[in-house]
Amino acid sequence: MTHSKIDHRKTPEVTHPAPKKAPDPFSLRGFLKTLGPGLVTGASDDDPSGIGTYSQAGAQLGYGIGWTMLLTFPLMVAIQEISARVGRVTGRGIAGNVCRHYPAWVLNIIVTLLFIANTINIAADLAAMGDALKLLIGGPGFLYVLVFGVTSVVAQIFLDYKRYSAVLKWLTLSLFAYVAALLFAKVSWSDALRGIAVPQIQWTSAFLTTLVAILGTTISPYLFFWQASQEAEDQRVDAKKQPLAEKHYGAQKEFHRIRADTIVGMGFSNLIAISIIITAAATLNATGKTDIETSAQAAEALKPIAGVFAEFVFALGIIGTGLLAIPVLAGSAAYAIGEGRKWTVGLARKPREAAAFYGVLALSAGIGILLNFTPISPISALYWSAVINGVLAVPVMVLLMIMVRRSDVMNKFVIAGPLYWLGWLSTAAMAVCVVAMGVGFFI
């Protein structure tokens, strides 16, 4: 029997490493597609009640209050990025994590206060939207309140999630109305830039109250809950994604996306806020009109000073921002309660799949509508909403900052370094606001 010889000394086959894939060239369209929860969250921060706060600040204190926007920007970015990371890493929102790692009574207090504050805020925003449309076309403001409220709820419940998310992103463009309003104001840009760059502090009750109002408006609990829950929601509807705690691959890319999305969203929010402050300072403060209390009053006051078109642009912006903010306010309350109760939640779900979740959403918006038909003034109630938000923000932020250091929550993605300490700085700033607000009650 013959055996064929096998030459074991054959030259081994040389394998060449696959060439590295060149990074995709930057595309503005591609970048805009990555924007989502952060952009919508930042834009919704400039809701009609927030517009009223910024208008009042500019009318009362002029250009000198502009520096607060530089102060709040890094604080907003830090706490919102931390919130978003919680949602993306765990696949759950803030309430969904709190209910798994903290006593039930802690969660119950948080979600109850959030529901009350958000509902009052919805009522105030609807009132401002109704007044703004009445200013533009006349007619019954209460009817507009009903139409805006019902339309918002129906859209959230019955529109396809991807389509609805796209609608919210497009609505952010309405905020450019306030940049356009600057064109009609005779701005002293040297004074405006000095007010932004150089802090001007007045040790007066009016100044400190306004400062607390601005910080309380820009850093609000409903924004934390919304962005975290939306990150979790986007992960659920994308078959390619899993919570990063379960699938570590691609984490850094996701964190870069979240950071870019958050920076753009909060930067956009602050750009609009400073535009409103400067417009109010250049028109209202410059002419001695400092008694502005609401966004609709600010729009009306612009007419004799900056013209009919400026009033139109300002009022139109109020309606657009309200349509953006009400879903976020009602939705964040529904997510918080639903996740805390371990219900099936999500705007991507059909109404029959998440009936309790949609029920809470409709209830919050429904009570907000009804408050406009009672003797209770939504604008007056907004003051107490701000108090509740301020008091609620501090314990929520403390819980959040403790939670992101727990490996049983964040797995290998516990937050450390500059982002972590900036989050604590944001928490401390809110705590100072609450203390200042409390002192204000006795002065």
# chains A, B, ... in the order shown; residues from 1 in each chain; ligands from 1

call {"tool": "select_by_dssp", "arguments": {"residues": "region 244-293 of chain A", "states": "alpha helix (DSSP H)", "output": "VMD selection string"}}
result
chain A and resid 251 to 283

call {"tool": "write_last_selection", "arguments": {"atoms": "N, CA, C and O atoms", "output": "tab-separated table (two decimals), in the first residue's frame"}}
result
chain	number	residue	atom	x	y	z
A	251	ALA	N	-21.07	51.51	23.23
A	251	ALA	CA	-21.47	52.44	24.29
A	251	ALA	C	-20.89	53.83	24.08
A	251	ALA	O	-21.61	54.83	24.21
A	252	GLN	N	-19.61	53.92	23.74
A	252	GLN	CA	-19.00	55.23	23.59
A	252	GLN	C	-19.63	56.04	22.46
A	252	GLN	O	-19.82	57.25	22.57
A	253	LYS	N	-19.99	55.34	21.39
A	253	LYS	CA	-20.66	56.02	20.28
A	253	LYS	C	-22.01	56.59	20.74
A	253	LYS	O	-22.38	57.71	20.38
A	254	GLU	N	-22.72	55.79	21.54
A	254	GLU	CA	-24.01	56.24	22.06
A	254	GLU	C	-23.85	57.42	23.02
A	254	GLU	O	-24.64	58.36	22.99
A	255	PHE	N	-22.82	57.37	23.86
A	255	PHE	CA	-22.59	58.47	24.79
A	255	PHE	C	-22.21	59.75	24.05
A	255	PHE	O	-22.61	60.86	24.45
A	256	HIS	N	-21.44	59.62	22.96
A	256	HIS	CA	-21.10	60.79	22.15
A	256	HIS	C	-22.37	61.37	21.52
A	256	HIS	O	-22.54	62.60	21.45
A	257	ARG	N	-23.25	60.49	21.04
A	257	ARG	CA	-24.51	60.95	20.45
A	257	ARG	C	-25.36	61.69	21.49
A	257	ARG	O	-25.90	62.76	21.22
A	258	ILE	N	-25.46	61.10	22.68
A	258	ILE	CA	-26.25	61.72	23.75
A	258	ILE	C	-25.68	63.08	24.11
A	258	ILE	O	-26.43	64.05	24.28
A	259	ARG	N	-24.36	63.17	24.20
A	259	ARG	CA	-23.74	64.45	24.56
A	259	ARG	C	-24.02	65.51	23.49
A	259	ARG	O	-24.39	66.65	23.81
A	260	ALA	N	-23.83	65.13	22.22
A	260	ALA	CA	-24.07	66.09	21.14
A	260	ALA	C	-25.54	66.52	21.12
A	260	ALA	O	-25.85	67.72	21.00
A	261	ASP	N	-26.44	65.56	21.27
A	261	ASP	CA	-27.87	65.84	21.28
A	261	ASP	C	-28.24	66.78	22.43
A	261	ASP	O	-28.99	67.75	22.25
A	262	THR	N	-27.66	66.52	23.60
A	262	THR	CA	-27.97	67.33	24.78
A	262	THR	C	-27.38	68.73	24.67
A	262	THR	O	-28.06	69.72	25.00
A	263	ILE	N	-26.14	68.83	24.21
A	263	ILE	CA	-25.52	70.15	24.06
A	263	ILE	C	-26.30	71.00	23.06
A	263	ILE	O	-26.57	72.19	23.31
A	264	VAL	N	-26.68	70.40	21.94
A	264	VAL	CA	-27.45	71.15	20.94
A	264	VAL	C	-28.80	71.57	21.52
A	264	VAL	O	-29.22	72.72	21.38
A	265	GLY	N	-29.48	70.64	22.19
A	265	GLY	CA	-30.80	70.94	22.75
A	265	GLY	C	-30.75	72.04	23.80
A	265	GLY	O	-31.55	72.99	23.77
A	266	MET	N	-29.81	71.94	24.75
A	266	MET	CA	-29.71	72.95	25.80
A	266	MET	C	-29.17	74.27	25.26
A	266	MET	O	-29.57	75.35	25.71
A	267	GLY	N	-28.25	74.18	24.28
A	267	GLY	CA	-27.75	75.40	23.66
A	267	GLY	C	-28.87	76.14	22.92
A	267	GLY	O	-28.98	77.37	23.01
A	268	PHE	N	-29.70	75.37	22.22
A	268	PHE	CA	-30.85	75.94	21.51
A	268	PHE	C	-31.80	76.59	22.51
A	268	PHE	O	-32.28	77.71	22.31
A	269	SER	N	-32.06	75.89	23.61
A	269	SER	CA	-32.94	76.42	24.66
A	269	SER	C	-32.43	77.76	25.19
A	269	SER	O	-33.18	78.73	25.33
A	270	ASN	N	-31.14	77.83	25.48
A	270	ASN	CA	-30.57	79.05	26.05
A	270	ASN	C	-30.47	80.18	25.03
A	270	ASN	O	-30.58	81.36	25.38
A	271	LEU	N	-30.25	79.82	23.75
A	271	LEU	CA	-30.24	80.84	22.69
A	271	LEU	C	-31.60	81.53	22.62
A	271	LEU	O	-31.69	82.76	22.51
A	272	ILE	N	-32.66	80.73	22.67
A	272	ILE	CA	-34.01	81.30	22.61
A	272	ILE	C	-34.29	82.14	23.85
A	272	ILE	O	-34.85	83.24	23.78
A	273	ALA	N	-33.89	81.62	25.02
A	273	ALA	CA	-34.11	82.35	26.28
A	273	ALA	C	-33.41	83.71	26.26
A	273	ALA	O	-34.01	84.73	26.64
A	274	ILE	N	-32.17	83.73	25.81
A	274	ILE	CA	-31.44	85.01	25.79
A	274	ILE	C	-32.04	85.96	24.74
A	274	ILE	O	-32.06	87.18	24.92
A	275	SER	N	-32.58	85.39	23.65
A	275	SER	CA	-33.25	86.22	22.64
A	275	SER	C	-34.47	86.90	23.23
A	275	SER	O	-34.74	88.09	22.97
A	276	ILE	N	-35.24	86.16	24.04
A	276	ILE	CA	-36.44	86.72	24.68
A	276	ILE	C	-36.05	87.81	25.68
A	276	ILE	O	-36.66	88.88	25.73
A	277	ILE	N	-35.01	87.52	26.48
A	277	ILE	CA	-34.55	88.50	27.47
A	277	ILE	C	-34.10	89.79	26.80
A	277	ILE	O	-34.47	90.90	27.22
A	278	ILE	N	-33.31	89.66	25.73
A	278	ILE	CA	-32.80	90.85	25.04
A	278	ILE	C	-33.93	91.63	24.38
A	278	ILE	O	-33.97	92.87	24.43
A	279	THR	N	-34.88	90.90	23.75
A	279	THR	CA	-36.03	91.56	23.12
A	279	THR	C	-36.82	92.35	24.16
A	279	THR	O	-37.20	93.51	23.93
A	280	ALA	N	-37.10	91.72	25.30
A	280	ALA	CA	-37.86	92.40	26.36
A	280	ALA	C	-37.08	93.58	26.93
A	280	ALA	O	-37.66	94.64	27.22
A	281	ALA	N	-35.76	93.41	27.08
A	281	ALA	CA	-34.94	94.51	27.61
A	281	ALA	C	-34.91	95.69	26.65
A	281	ALA	O	-35.00	96.85	27.07
A	282	ALA	N	-34.79	95.40	25.35
A	282	ALA	CA	-34.66	96.47	24.35
A	282	ALA	C	-35.97	97.20	24.10
A	282	ALA	O	-35.96	98.37	23.67
A	283	THR	N	-37.09	96.53	24.32
A	283	THR	CA	-38.39	97.15	24.03
A	283	THR	C	-39.11	97.57	25.30
A	283	THR	O	-39.44	98.74	25.48

call {"tool": "residues_around", "arguments": {"residues": "Ser295 (chain A)", "least_positions_apart": "2", "cutoff": "12 Å", "atoms": "only C-alpha atoms", "output": "VMD selection string"}}
result
chain A and resid 46 to 59 124 to 132 135 178 276 to 277 280 291 to 293 297 to 302 311 314 to 319 321 to 322 379

call {"tool": "residues_around", "arguments": {"residues": "region 357-372 of chain A", "least_positions_apart": "5", "cutoff": "6 Å", "atoms": "only C-alpha atoms", "output": "list in words"}}
result
Thr119, Ile122, Ala123, Ala330, Gly331, Ala334, Gly338 and Val345 of chain A

call {"tool": "closest_residue", "arguments": {"among": "A:Tyr161, A:Trp203, A:Phe312, A:Trp189", "to": "Ala296 (chain A)", "atoms": "only C-alpha atoms"}}
result
A:Phe312

call {"tool": "atom_distance", "arguments": {"atom1": "CA of Gly390 (chain A)", "atom2": "CA of Asn121 (chain A)"}}
result
13.2 Å

call {"tool": "residues_around", "arguments": {"residues": "Ser152 (chain A)", "least_positions_apart": "6", "cutoff": "8 Å", "atoms": "only C-alpha atoms", "output": "list in words"}}
result
Leu323, Ile326 and Pro327 of chain A
